[in-house]
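**Student:** final13.cif is the file, holding mmCIF, C-alpha atoms; chains and numbers go by the auth columns:
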data_start
loop_
_atom_site.group_PDB
_atom_site.id
_atom_site.type_symbol
_atom_site.label_atom_id
_atom_site.label_comp_id
_atom_site.label_asym_id
_atom_site.label_seq_id
_atom_site.Cartn_x
_atom_site.Cartn_y
_atom_site.Cartn_z
_atom_site.B_iso_or_equiv
_atom_site.auth_seq_id
_atom_site.auth_asym_id
ATOM 1 C CA MET A 1 -12.373 32.057 8.044 0.00 1 A
ATOM 2 C CA ILE A 2 -8.742 30.900 7.934 0.00 2 A
ATOM 3 C CA ILE A 3 -8.068 27.202 7.226 0.00 3 A
ATOM 4 C CA LEU A 4 -4.669 25.543 6.920 0.00 4 A
ATOM 5 C CA GLY A 5 -4.414 22.240 5.022 0.00 5 A
ATOM 6 C CA ILE A 6 -1.532 19.760 5.345 0.00 6 A
ATOM 7 C CA ASP A 7 -1.135 16.690 3.125 0.00 7 A
ATOM 8 C CA THR A 8 1.995 14.558 3.523 0.00 8 A
ATOM 9 C CA SER A 9 0.408 11.143 3.108 0.00 9 A
ATOM 10 C CA THR A 10 2.489 10.231 0.045 0.00 10 A
ATOM 11 C CA SER A 11 5.603 11.509 -1.697 0.00 11 A
ATOM 12 C CA PHE A 12 3.442 14.114 -3.467 0.00 12 A
ATOM 13 C CA ALA A 13 2.942 16.547 -0.593 0.00 13 A
ATOM 14 C CA GLY A 14 1.147 19.851 -0.317 0.00 14 A
ATOM 15 C CA VAL A 15 0.183 22.647 2.066 0.00 15 A
ATOM 16 C CA GLY A 16 -2.598 25.142 1.443 0.00 16 A
ATOM 17 C CA LEU A 17 -3.901 28.216 3.227 0.00 17 A
ATOM 18 C CA SER A 18 -7.394 29.623 2.726 0.00 18 A
ATOM 19 C CA VAL A 19 -7.985 33.145 4.035 0.00 19 A
ATOM 20 C CA ASN A 20 -11.638 34.100 3.578 0.00 20 A
ATOM 21 C CA GLY A 21 -11.775 32.016 0.414 0.00 21 A
ATOM 22 C CA VAL A 22 -8.476 33.201 -1.080 0.00 22 A
ATOM 23 C CA VAL A 23 -6.188 30.174 -1.411 0.00 23 A
ATOM 24 C CA THR A 24 -2.392 30.008 -1.610 0.00 24 A
ATOM 25 C CA ASN A 25 -0.534 26.731 -1.723 0.00 25 A
ATOM 26 C CA GLU A 26 2.686 24.861 -2.353 0.00 26 A
ATOM 27 C CA THR A 27 3.123 21.307 -3.619 0.00 27 A
ATOM 28 C CA TRP A 28 6.310 19.295 -3.935 0.00 28 A
ATOM 29 C CA GLN A 29 7.639 15.763 -4.264 0.00 29 A
ATOM 30 C CA SER A 30 9.354 14.634 -1.096 0.00 30 A
ATOM 31 C CA ARG A 31 12.197 12.152 -1.029 0.00 31 A
ATOM 32 C CA HIS A 32 11.311 10.675 2.376 0.00 32 A
ATOM 33 C CA ASN A 33 11.973 14.069 3.968 0.00 33 A
ATOM 34 C CA HIS A 34 8.483 15.224 4.989 0.00 34 A
ATOM 35 C CA GLY A 35 9.535 15.903 8.575 0.00 35 A
ATOM 36 C CA ARG A 36 12.108 18.510 7.539 0.00 36 A
ATOM 37 C CA GLU A 37 10.102 20.023 4.687 0.00 37 A
ATOM 38 C CA VAL A 38 6.556 20.598 5.858 0.00 38 A
ATOM 39 C CA MET A 39 6.976 23.267 8.570 0.00 39 A
ATOM 40 C CA PRO A 40 9.078 25.623 6.415 0.00 40 A
ATOM 41 C CA VAL A 41 6.285 25.497 3.823 0.00 41 A
ATOM 42 C CA VAL A 42 3.647 26.207 6.485 0.00 42 A
ATOM 43 C CA THR A 43 5.719 29.123 7.738 0.00 43 A
ATOM 44 C CA ARG A 44 6.144 30.587 4.251 0.00 44 A
ATOM 45 C CA LEU A 45 2.427 30.460 3.523 0.00 45 A
ATOM 46 C CA LEU A 46 1.492 32.048 6.851 0.00 46 A
ATOM 47 C CA GLN A 47 4.042 34.818 6.340 0.00 47 A
ATOM 48 C CA ALA A 48 2.912 35.419 2.757 0.00 48 A
ATOM 49 C CA GLY A 49 -0.691 35.684 3.932 0.00 49 A
ATOM 50 C CA ALA A 50 0.216 37.894 6.918 0.00 50 A
ATOM 51 C CA VAL A 51 -1.437 35.303 9.169 0.00 51 A
ATOM 52 C CA GLU A 52 -0.347 34.509 12.727 0.00 52 A
ATOM 53 C CA ALA A 53 -0.642 30.913 13.896 0.00 53 A
ATOM 54 C CA ASP A 54 -3.164 31.849 16.573 0.00 54 A
ATOM 55 C CA GLU A 55 -5.448 33.340 13.906 0.00 55 A
ATOM 56 C CA ILE A 56 -6.048 29.966 12.227 0.00 56 A
ATOM 57 C CA ASP A 57 -9.636 28.800 12.687 0.00 57 A
ATOM 58 C CA ALA A 58 -9.109 25.195 11.570 0.00 58 A
ATOM 59 C CA VAL A 59 -6.384 22.813 10.434 0.00 59 A
ATOM 60 C CA ALA A 60 -7.220 20.020 7.990 0.00 60 A
ATOM 61 C CA VAL A 61 -4.851 17.095 7.536 0.00 61 A
ATOM 62 C CA SER A 62 -4.761 14.078 5.220 0.00 62 A
ATOM 63 C CA LEU A 63 -5.075 10.782 7.091 0.00 63 A
ATOM 64 C CA GLY A 64 -3.741 8.384 4.460 0.00 64 A
ATOM 65 C CA PRO A 65 -3.441 5.731 3.260 0.00 65 A
ATOM 66 C CA GLY A 66 0.144 6.413 2.421 0.00 66 A
ATOM 67 C CA GLY A 67 3.629 5.912 3.759 0.00 67 A
ATOM 68 C CA PHE A 68 3.812 5.045 7.467 0.00 68 A
ATOM 69 C CA SER A 69 6.187 7.881 8.386 0.00 69 A
ATOM 70 C CA ALA A 70 4.732 10.306 5.850 0.00 70 A
ATOM 71 C CA VAL A 71 1.202 10.034 7.258 0.00 71 A
ATOM 72 C CA ARG A 72 2.468 10.428 10.822 0.00 72 A
ATOM 73 C CA VAL A 73 4.455 13.570 9.963 0.00 73 A
ATOM 74 C CA GLY A 74 1.379 15.386 8.663 0.00 74 A
ATOM 75 C CA ILE A 75 -0.801 14.419 11.609 0.00 75 A
ATOM 76 C CA ALA A 76 1.919 15.247 14.148 0.00 76 A
ATOM 77 C CA THR A 77 2.447 18.663 12.534 0.00 77 A
ATOM 78 C CA ALA A 78 -1.291 19.380 12.574 0.00 78 A
ATOM 79 C CA ASN A 79 -1.602 18.282 16.199 0.00 79 A
ATOM 80 C CA GLY A 80 1.331 20.495 17.134 0.00 80 A
ATOM 81 C CA LEU A 81 -0.331 23.520 15.563 0.00 81 A
ATOM 82 C CA VAL A 82 -3.751 23.057 17.133 0.00 82 A
ATOM 83 C CA ALA A 83 -2.840 21.824 20.618 0.00 83 A
ATOM 84 C CA PRO A 84 -1.657 25.131 22.179 0.00 84 A
ATOM 85 C CA ARG A 85 -4.683 27.033 20.867 0.00 85 A
ATOM 86 C CA GLN A 86 -7.419 24.376 20.891 0.00 86 A
ATOM 87 C CA THR A 87 -7.945 25.074 17.195 0.00 87 A
ATOM 88 C CA ARG A 88 -10.387 22.866 15.292 0.00 88 A
ATOM 89 C CA LEU A 89 -8.696 19.828 13.708 0.00 89 A
ATOM 90 C CA LEU A 90 -10.211 17.885 10.806 0.00 90 A
ATOM 91 C CA GLY A 91 -8.858 14.598 9.465 0.00 91 A
ATOM 92 C CA ILE A 92 -9.643 13.796 5.822 0.00 92 A
ATOM 93 C CA PRO A 93 -8.970 10.411 4.126 0.00 93 A
ATOM 94 C CA THR A 94 -6.534 10.776 1.231 0.00 94 A
ATOM 95 C CA HIS A 95 -8.771 8.764 -1.110 0.00 95 A
ATOM 96 C CA LEU A 96 -11.560 11.297 -0.511 0.00 96 A
ATOM 97 C CA ILE A 97 -9.168 14.162 -1.326 0.00 97 A
ATOM 98 C CA GLN A 98 -8.325 12.533 -4.669 0.00 98 A
ATOM 99 C CA ALA A 99 -11.935 11.658 -5.558 0.00 99 A
ATOM 100 C CA TYR A 100 -13.560 14.908 -4.396 0.00 100 A
ATOM 101 C CA PRO A 101 -13.187 16.907 -7.660 0.00 101 A
ATOM 102 C CA HIS A 102 -15.334 14.258 -9.390 0.00 102 A
ATOM 103 C CA ARG A 103 -18.074 14.074 -6.740 0.00 103 A
ATOM 104 C CA ARG A 104 -20.800 15.480 -9.008 0.00 104 A
ATOM 105 C CA LEU A 105 -20.442 12.924 -11.838 0.00 105 A
ATOM 106 C CA GLU A 106 -23.818 11.340 -11.135 0.00 106 A
ATOM 107 C CA GLY A 107 -24.085 7.691 -12.034 0.00 107 A
ATOM 108 C CA MET A 108 -20.317 7.232 -12.165 0.00 108 A
ATOM 109 C CA ARG A 109 -18.132 5.153 -9.908 0.00 109 A
ATOM 110 C CA ILE A 110 -15.045 7.097 -8.854 0.00 110 A
ATOM 111 C CA VAL A 111 -12.013 4.969 -7.990 0.00 111 A
ATOM 112 C CA SER A 112 -9.068 6.624 -6.249 0.00 112 A
ATOM 113 C CA LEU A 113 -5.745 4.810 -6.578 0.00 113 A
ATOM 114 C CA ILE A 114 -2.589 5.202 -4.466 0.00 114 A
ATOM 115 C CA PRO A 115 0.549 3.098 -5.165 0.00 115 A
ATOM 116 C CA ILE A 116 1.816 1.541 -1.938 0.00 116 A
ATOM 117 C CA GLY A 117 4.877 -0.330 -3.159 0.00 117 A
ATOM 118 C CA ARG A 118 5.549 -4.023 -3.801 0.00 118 A
ATOM 119 C CA ASN A 119 3.545 -3.692 -7.039 0.00 119 A
ATOM 120 C CA GLN A 120 0.387 -3.043 -5.035 0.00 120 A
ATOM 121 C CA ILE A 121 -2.328 -0.370 -5.175 0.00 121 A
ATOM 122 C CA SER A 122 -4.593 0.959 -2.424 0.00 122 A
ATOM 123 C CA TYR A 123 -8.024 1.816 -3.787 0.00 123 A
ATOM 124 C CA GLY A 124 -11.064 3.752 -2.577 0.00 124 A
ATOM 125 C CA VAL A 125 -14.392 3.388 -4.395 0.00 125 A
ATOM 126 C CA PHE A 126 -17.016 6.169 -4.326 0.00 126 A
ATOM 127 C CA GLU A 127 -20.490 6.223 -5.859 0.00 127 A
ATOM 128 C CA ALA A 128 -21.145 9.700 -7.298 0.00 128 A
ATOM 129 C CA PRO A 129 -22.632 12.022 -6.398 0.00 129 A
ATOM 130 C CA PHE A 130 -21.123 12.278 -2.921 0.00 130 A
ATOM 131 C CA SER A 131 -20.179 15.091 -0.581 0.00 131 A
ATOM 132 C CA ALA A 132 -17.375 16.089 1.756 0.00 132 A
ATOM 133 C CA LEU A 133 -18.955 13.706 4.259 0.00 133 A
ATOM 134 C CA GLY A 134 -18.022 10.745 2.049 0.00 134 A
ATOM 135 C CA ASP A 135 -16.067 8.882 4.702 0.00 135 A
ATOM 136 C CA GLN A 136 -17.961 5.620 4.110 0.00 136 A
ATOM 137 C CA PHE A 137 -16.502 4.085 0.972 0.00 137 A
ATOM 138 C CA GLU A 138 -15.102 0.751 -0.107 0.00 138 A
ATOM 139 C CA THR A 139 -11.355 0.376 0.338 0.00 139 A
ATOM 140 C CA GLY A 140 -8.895 -2.384 -0.374 0.00 140 A
ATOM 141 C CA ILE A 141 -5.535 -3.396 -1.791 0.00 141 A
ATOM 142 C CA CYS A 142 -4.851 -5.227 -5.022 0.00 142 A
ATOM 143 C CA GLY A 143 -1.937 -5.880 -7.339 0.00 143 A
ATOM 144 C CA SER A 144 -1.147 -3.218 -9.916 0.00 144 A
ATOM 145 C CA ASP A 145 -1.865 -5.779 -12.629 0.00 145 A
ATOM 146 C CA GLU A 146 -5.340 -6.443 -11.176 0.00 146 A
ATOM 147 C CA VAL A 147 -6.649 -2.886 -11.450 0.00 147 A
ATOM 148 C CA LYS A 148 -8.110 -3.245 -14.938 0.00 148 A
ATOM 149 C CA GLU A 149 -9.918 -6.511 -14.214 0.00 149 A
ATOM 150 C CA ARG A 150 -11.218 -5.618 -10.741 0.00 150 A
ATOM 151 C CA LEU A 151 -11.857 -1.886 -10.842 0.00 151 A
ATOM 152 C CA GLU A 152 -12.295 -0.587 -14.401 0.00 152 A
ATOM 153 C CA ASP A 153 -15.494 -0.518 -16.464 0.00 153 A
ATOM 154 C CA SER A 154 -17.412 1.896 -18.695 0.00 154 A
ATOM 155 C CA GLN A 155 -19.077 3.610 -15.700 0.00 155 A
ATOM 156 C CA THR A 156 -15.826 4.183 -13.832 0.00 156 A
ATOM 157 C CA LEU A 157 -13.469 7.132 -13.611 0.00 157 A
ATOM 158 C CA ILE A 158 -10.112 6.352 -12.056 0.00 158 A
ATOM 159 C CA CYS A 159 -8.082 9.104 -10.402 0.00 159 A
ATOM 160 C CA GLY A 160 -5.081 9.768 -8.209 0.00 160 A
ATOM 161 C CA GLU A 161 -1.444 8.795 -8.196 0.00 161 A
ATOM 162 C CA GLY A 162 -2.083 5.304 -9.531 0.00 162 A
ATOM 163 C CA ALA A 163 -4.504 6.344 -12.285 0.00 163 A
ATOM 164 C CA ILE A 164 -2.782 5.146 -15.444 0.00 164 A
ATOM 165 C CA PRO A 165 -5.122 3.847 -18.166 0.00 165 A
ATOM 166 C CA THR A 166 -4.176 0.277 -19.016 0.00 166 A
ATOM 167 C CA THR A 167 -5.388 0.335 -22.633 0.00 167 A
ATOM 168 C CA GLU A 168 -6.773 2.770 -25.174 0.00 168 A
ATOM 169 C CA ALA A 169 -10.213 1.385 -24.341 0.00 169 A
ATOM 170 C CA SER A 170 -9.819 2.155 -20.644 0.00 170 A
ATOM 171 C CA PRO A 171 -12.482 4.299 -18.967 0.00 171 A
ATOM 172 C CA LYS A 172 -11.932 7.955 -18.280 0.00 172 A
ATOM 173 C CA ALA A 173 -8.965 8.698 -16.079 0.00 173 A
ATOM 174 C CA ASP A 174 -7.725 11.734 -14.191 0.00 174 A
ATOM 175 C CA THR A 175 -3.994 11.071 -14.221 0.00 175 A
ATOM 176 C CA GLU A 176 -2.974 14.143 -12.202 0.00 176 A
ATOM 177 C CA VAL A 177 -0.657 12.694 -9.545 0.00 177 A
ATOM 178 C CA VAL A 178 -0.431 15.862 -7.431 0.00 178 A
ATOM 179 C CA ARG A 179 -3.336 16.418 -5.042 0.00 179 A
ATOM 180 C CA PRO A 180 -4.100 20.160 -5.128 0.00 180 A
ATOM 181 C CA PRO A 181 -4.335 21.461 -1.542 0.00 181 A
ATOM 182 C CA GLU A 182 -7.516 23.245 -2.649 0.00 182 A
ATOM 183 C CA ASN A 183 -9.290 19.860 -2.529 0.00 183 A
ATOM 184 C CA LEU A 184 -8.397 19.330 1.118 0.00 184 A
ATOM 185 C CA LEU A 185 -9.363 22.899 2.022 0.00 185 A
ATOM 186 C CA SER A 186 -12.699 22.649 0.182 0.00 186 A
ATOM 187 C CA ILE A 187 -13.615 19.427 1.993 0.00 187 A
ATOM 188 C CA ALA A 188 -12.752 20.994 5.346 0.00 188 A
ATOM 189 C CA LEU A 189 -14.785 24.120 4.632 0.00 189 A
ATOM 190 C CA GLU A 190 -17.808 22.095 3.472 0.00 190 A
ATOM 191 C CA ARG A 191 -17.686 19.959 6.603 0.00 191 A
ATOM 192 C CA ILE A 192 -17.511 23.029 8.804 0.00 192 A
ATOM 193 C CA GLU A 193 -20.414 24.676 6.964 0.00 193 A
ATOM 194 C CA LEU A 194 -22.495 21.508 7.339 0.00 194 A
ATOM 195 C CA GLY A 195 -21.774 21.496 11.047 0.00 195 A
ATOM 196 C CA SER A 196 -20.358 18.000 10.865 0.00 196 A
ATOM 197 C CA ALA A 197 -16.691 18.688 11.493 0.00 197 A
ATOM 198 C CA SER A 198 -15.373 16.599 14.365 0.00 198 A
ATOM 199 C CA ASP A 199 -12.775 18.114 16.645 0.00 199 A
ATOM 200 C CA GLY A 200 -9.985 16.481 18.576 0.00 200 A
ATOM 201 C CA LEU A 201 -7.417 13.779 17.851 0.00 201 A
ATOM 202 C CA VAL A 202 -7.388 12.106 14.439 0.00 202 A
ATOM 203 C CA GLU A 203 -6.290 8.574 13.589 0.00 203 A
ATOM 204 C CA PRO A 204 -3.970 7.735 10.671 0.00 204 A
ATOM 205 C CA ILE A 205 -4.984 5.348 7.895 0.00 205 A
ATOM 206 C CA TYR A 206 -2.003 3.209 6.918 0.00 206 A
ATOM 207 C CA SER A 207 -1.579 1.326 3.647 0.00 207 A
ATOM 208 C CA ARG A 208 -0.433 -1.683 5.626 0.00 208 A
ATOM 209 C CA PRO A 209 0.873 -2.320 9.149 0.00 209 A
ATOM 210 C CA PRO A 210 4.467 -1.161 9.696 0.00 210 A
ATOM 211 C CA THR A 211 7.188 -3.764 9.256 0.00 211 A
ATOM 212 C CA ILE A 212 8.772 -4.456 12.633 0.00 212 A
ATOM 213 C CA THR A 213 11.723 -6.775 12.908 0.00 213 A
ATOM 214 C CA ALA A 214 13.089 -8.424 15.999 0.00 214 A
ATOM 215 C CA PRO A 215 16.294 -6.888 17.393 0.00 215 A
ATOM 216 C CA LYS A 216 19.475 -8.703 16.518 0.00 216 A
ATOM 217 C CA ARG A 217 21.240 -10.482 19.332 0.00 217 A
ATOM 218 C CA ALA A 218 24.824 -9.569 20.019 0.00 218 A
#
As structure tokens, please, write out the structure in this file.
**Tutor:**
Amino acid sequence: MIILGIDTSTSFAGVGLSVNGVVTNETWQSRHNHGREVMPVVTRLLQAGAVEADEIDAVAVSLGPGGFSAVRVGIATANGLVAPRQTRLLGIPTHLIQAYPHRRLEGMRIVSLIPIGRNQISYGVFEAPFSALGDQFETGICGSDEVKERLEDSQTLICGEGAIPTTEASPKADTEVVRPPENLLSIALERIELGSASDGLVEPIYSRPPTITAPKRA
């Protein structure tokens, strides 16, 4: 099975390609340039794997939360790849991608953190163990200075881009800010194997509604 994964939901972007379980990937930090950067990476990975676009069995894409334009770029790219061939399309929440490596820590609460600007953090709370089907989880937004009080305790592991321990006594933290594309690909494969992968259009998850200003009068 050949699965392509695209994650542009935040500035830490990544693309991965799984060909019968063999994974190649690229990650990078984008300076608000996802639209120009993602397709060249996709093309390089397909060429390196000697894979034609019409050979892809499924495309997985991160849904956010993240930057408004960044999330849309990934989903638009994925839709563009699957539409001509009716390839399977799977949308995966970005919080699930960050929390997934810790899914087997039974009895632990896994909190995924994504900075969303204005000194705020988007969080997703998972009760381990959980699976690739873990779409139902608590989400919210709080101030960066509220994380310790609201989300940290001795039974919590924090992870993701916003996972910075606040004190030496903080709970365990996975402070890796880059989301390995292998996480996204593994979730997609597990969903397909469980027969629960939904096909069709996917909806973005935004950190907050876009800011729209009224046009200036001449």
**Student:** Go through A:Val23, A:Leu157, A:Leu96, A:Ala163 one by one, measure the shortest atom-to-atom distance of each to Thr139 of chain A using only C-alpha atoms, and give the residue with the smallest value.
**Tutor:**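 Closest to Thr139 of chain A of all the choices is A:Leu96.
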**Student:** Could you tell me which of A:Ser144, A:Asn20, A:Ser11, A:Gln136 comes closest to Gly49 of chain A if we count all atoms listed in the file?
**Tutor:**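 Looking at the shortest contact to Gly49 of chain A, the residue is A:Asn20.
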**Student:** Quick one: everything within 6 Å of segment 107-113 of chain A, counting all atoms listed in the file, minus sequence neighbours fewer than 3 positions away in the same chain. Send it as number ranges by chain.
**Tutor:** A: 95, 99, 122-128, 155-160, 162
**Student:** Keeping only C-alpha atoms, write the selected residues as a PDB file, keeping the file's coordinate frame.
**Tutor:**
ATOM      1  CA  HIS A  95      -8.771   8.764  -1.110  1.00  0.00           C
ATOM      2  CA  ALA A  99     -11.935  11.658  -5.558  1.00  0.00           C
ATOM      3  CA  SER A 122      -4.593   0.959  -2.424  1.00  0.00           C
ATOM      4  CA  TYR A 123      -8.024   1.816  -3.787  1.00  0.00           C
ATOM      5  CA  GLY A 124     -11.064   3.752  -2.577  1.00  0.00           C
ATOM      6  CA  VAL A 125     -14.392   3.388  -4.395  1.00  0.00           C
ATOM      7  CA  PHE A 126     -17.016   6.169  -4.326  1.00  0.00           C
ATOM      8  CA  GLU A 127     -20.490   6.223  -5.859  1.00  0.00           C
ATOM      9  CA  ALA A 128     -21.145   9.700  -7.298  1.00  0.00           C
ATOM     10  CA  GLN A 155     -19.077   3.610 -15.700  1.00  0.00           C
ATOM     11  CA  THR A 156     -15.826   4.183 -13.832  1.00  0.00           C
ATOM     12  CA  LEU A 157     -13.469   7.132 -13.611  1.00  0.00           C
ATOM     13  CA  ILE A 158     -10.112   6.352 -12.056  1.00  0.00           C
ATOM     14  CA  CYS A 159      -8.082   9.104 -10.402  1.00  0.00           C
ATOM     15  CA  GLY A 160      -5.081   9.768  -8.209  1.00  0.00           C
ATOM     16  CA  GLY A 162      -2.083   5.304  -9.531  1.00  0.00           C
TER      17      GLY A 162
END
**Student:** Decode the PyMOL selection byres ((chain A and resi 78) around 12) for the given file into explicit residues and return them as a compact mmCIF listing (two decimals) with C-alpha atoms, in the frame of the given file.
**Tutor:**
# COMPACT_ATOMS: atom_id res chain seq x y z
CA ILE A 3 -8.07 27.20 7.23
CA LEU A 4 -4.67 25.54 6.92
CA GLY A 5 -4.41 22.24 5.02
CA ILE A 6 -1.53 19.76 5.34
CA ASP A 7 -1.14 16.69 3.12
CA THR A 8 2.00 14.56 3.52
CA VAL A 15 0.18 22.65 2.07
CA VAL A 38 6.56 20.60 5.86
CA MET A 39 6.98 23.27 8.57
CA VAL A 42 3.65 26.21 6.48
CA ALA A 53 -0.64 30.91 13.90
CA ILE A 56 -6.05 29.97 12.23
CA ALA A 58 -9.11 25.20 11.57
CA VAL A 59 -6.38 22.81 10.43
CA ALA A 60 -7.22 20.02 7.99
CA VAL A 61 -4.85 17.10 7.54
CA SER A 62 -4.76 14.08 5.22
CA LEU A 63 -5.08 10.78 7.09
CA VAL A 71 1.20 10.03 7.26
CA ARG A 72 2.47 10.43 10.82
CA VAL A 73 4.46 13.57 9.96
CA GLY A 74 1.38 15.39 8.66
CA ILE A 75 -0.80 14.42 11.61
CA ALA A 76 1.92 15.25 14.15
CA THR A 77 2.45 18.66 12.53
CA ASN A 79 -1.60 18.28 16.20
CA GLY A 80 1.33 20.50 17.13
CA LEU A 81 -0.33 23.52 15.56
CA VAL A 82 -3.75 23.06 17.13
CA ALA A 83 -2.84 21.82 20.62
CA PRO A 84 -1.66 25.13 22.18
CA ARG A 85 -4.68 27.03 20.87
CA GLN A 86 -7.42 24.38 20.89
CA THR A 87 -7.94 25.07 17.20
CA ARG A 88 -10.39 22.87 15.29
CA LEU A 89 -8.70 19.83 13.71
CA LEU A 90 -10.21 17.89 10.81
CA GLY A 91 -8.86 14.60 9.46
CA GLY A 200 -9.98 16.48 18.58
CA LEU A 201 -7.42 13.78 17.85
CA VAL A 202 -7.39 12.11 14.44
CA GLU A 203 -6.29 8.57 13.59
**Student:** Name the residues that the PyMOL selection byres ((chain A and resi 147) around 10) pulls out of this structure, and write them as a list of chain:residue names.
**Tutor:** A:Leu113, A:Gln120, A:Ile121, A:Tyr123, A:Ile141, A:Cys142, A:Gly143, A:Ser144, A:Asp145, A:Glu146, A:Lys148, A:Glu149, A:Arg150, A:Leu151, A:Glu152, A:Ile158, A:Gly162, A:Ala163, A:Ile164, A:Pro165, A:Thr166
**Student:** Looking at A:Phe137, A:Ser18, A:Glu193, A:Gly35, which one is nearest to Glu55 of chain A, with distances taken over all atoms listed in the file?
**Tutor:**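 The shortest atom-to-atom distance to Glu55 of chain A comes from A:Ser18.
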**Student:** Rounded to one decimal place, report the atom CA of Glu190 of chain A-atom CA of Ser131 of chain A distance in Å.
**Tutor:**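 So the answer is 8.4 Å.
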**Student:** Can you work out the spacing between atom CA of Val22 of chain A and atom CA of Ser9 of chain A in Å, to one decimal?
**Tutor:**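 Between atom CA of Val22 of chain A and atom CA of Ser9 of chain A the gap is 24.1 Å.
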**Student:** Work out how far atom CA of Gly67 of chain A is from atom CA of Gln47 of chain A, in Å to one decimal.
**Tutor:** 29.0 Å
**Student:** Quick one: of A:Ala70, A:Ala13, A:Ala50, A:Ala132, who's nearest to Val177 of chain A, counting only C-alpha atoms?
**Tutor:** A:Ala13
**Student:** Would you list the contacts of Arg179 of chain A as a PyMOL selection string, taking every protein, DNA or RNA residue within 9 Å and counting only C-alpha atoms, but skipping same-chain residues closer than 2 positions in sequence?
**Tutor:** chain A and resi 7+12-14+27+97-98+160-161+176-177+181-184
**Student:** When you count all atoms listed in the file, which of these residues is closest to Leu17 of chain A: A:Arg191, A:Pro93, A:Val51, A:Arg31?
**Tutor:**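 Using all atoms listed in the file, the shortest distance to Leu17 of chain A belongs to A:Val51.
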**Student:** Would you mind telling me which residue in A:Pro65, A:Gly195, A:Gly140, A:Pro129 lies nearest to Arg104 of chain A when using only C-alpha atoms?
**Tutor:**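 Going through A:Pro65, A:Gly195, A:Gly140, A:Pro129 one by one, the smallest distance to Arg104 of chain A is for A:Pro129.
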**Student:** Report the centre and edge lengths, in Å to one decimal, of an axis-aligned box enclosing every atom of segment 33-47 of chain A listed in the file, padded by 3 Å on each side, as lines of an AutoDock Vina configuration file.
**Tutor:**
center_x = 6.8
center_y = 24.4
center_z = 6.0
size_x = 16.6
size_y = 26.7
size_z = 11.1
**Student:** Starting from the incomplete input, reconstruct N, CA and C atoms of segment 153-165 of chain A and report them as a PDB file, keeping the file's coordinate frame.
**Tutor:**
ATOM      1  N   ASP A 153     -14.404  -0.207 -15.543  1.00  0.00           N
ATOM      2  CA  ASP A 153     -15.494  -0.518 -16.464  1.00  0.00           C
ATOM      3  C   ASP A 153     -15.961   0.791 -17.084  1.00  0.00           C
ATOM      4  N   SER A 154     -16.984   0.716 -17.937  1.00  0.00           N
ATOM      5  CA  SER A 154     -17.412   1.896 -18.695  1.00  0.00           C
ATOM      6  C   SER A 154     -18.036   2.980 -17.828  1.00  0.00           C
ATOM      7  N   GLN A 155     -18.452   2.628 -16.596  1.00  0.00           N
ATOM      8  CA  GLN A 155     -19.077   3.610 -15.700  1.00  0.00           C
ATOM      9  C   GLN A 155     -18.113   4.060 -14.614  1.00  0.00           C
ATOM     10  N   THR A 156     -16.840   3.884 -14.849  1.00  0.00           N
ATOM     11  CA  THR A 156     -15.826   4.183 -13.832  1.00  0.00           C
ATOM     12  C   THR A 156     -14.891   5.281 -14.307  1.00  0.00           C
ATOM     13  N   LEU A 157     -14.552   6.177 -13.386  1.00  0.00           N
ATOM     14  CA  LEU A 157     -13.469   7.132 -13.611  1.00  0.00           C
ATOM     15  C   LEU A 157     -12.413   6.854 -12.555  1.00  0.00           C
ATOM     16  N   ILE A 158     -11.196   6.587 -12.998  1.00  0.00           N
ATOM     17  CA  ILE A 158     -10.112   6.352 -12.056  1.00  0.00           C
ATOM     18  C   ILE A 158      -9.308   7.637 -11.887  1.00  0.00           C
ATOM     19  N   CYS A 159      -8.784   7.857 -10.686  1.00  0.00           N
ATOM     20  CA  CYS A 159      -8.082   9.104 -10.402  1.00  0.00           C
ATOM     21  C   CYS A 159      -7.007   8.865  -9.352  1.00  0.00           C
ATOM     22  N   GLY A 160      -6.111   9.834  -9.230  1.00  0.00           N
ATOM     23  CA  GLY A 160      -5.081   9.768  -8.209  1.00  0.00           C
ATOM     24  C   GLY A 160      -3.732   9.321  -8.747  1.00  0.00           C
ATOM     25  N   GLU A 161      -2.822   9.095  -7.826  1.00  0.00           N
ATOM     26  CA  GLU A 161      -1.444   8.795  -8.196  1.00  0.00           C
ATOM     27  C   GLU A 161      -1.300   7.521  -9.024  1.00  0.00           C
ATOM     28  N   GLY A 162      -2.199   6.565  -8.810  1.00  0.00           N
ATOM     29  CA  GLY A 162      -2.083   5.304  -9.531  1.00  0.00           C
ATOM     30  C   GLY A 162      -2.962   5.224 -10.755  1.00  0.00           C
ATOM     31  N   ALA A 163      -3.527   6.352 -11.195  1.00  0.00           N
ATOM     32  CA  ALA A 163      -4.504   6.344 -12.285  1.00  0.00           C
ATOM     33  C   ALA A 163      -3.818   6.398 -13.635  1.00  0.00           C
ATOM     34  N   ILE A 164      -3.399   5.246 -14.125  1.00  0.00           N
ATOM     35  CA  ILE A 164      -2.782   5.146 -15.444  1.00  0.00           C
ATOM     36  C   ILE A 164      -3.644   4.210 -16.285  1.00  0.00           C
ATOM     37  N   PRO A 165      -4.285   4.715 -17.336  1.00  0.00           N
ATOM     38  CA  PRO A 165      -5.122   3.847 -18.166  1.00  0.00           C
ATOM     39  C   PRO A 165      -4.324   2.662 -18.685  1.00  0.00           C
TER      40      PRO A 165
END
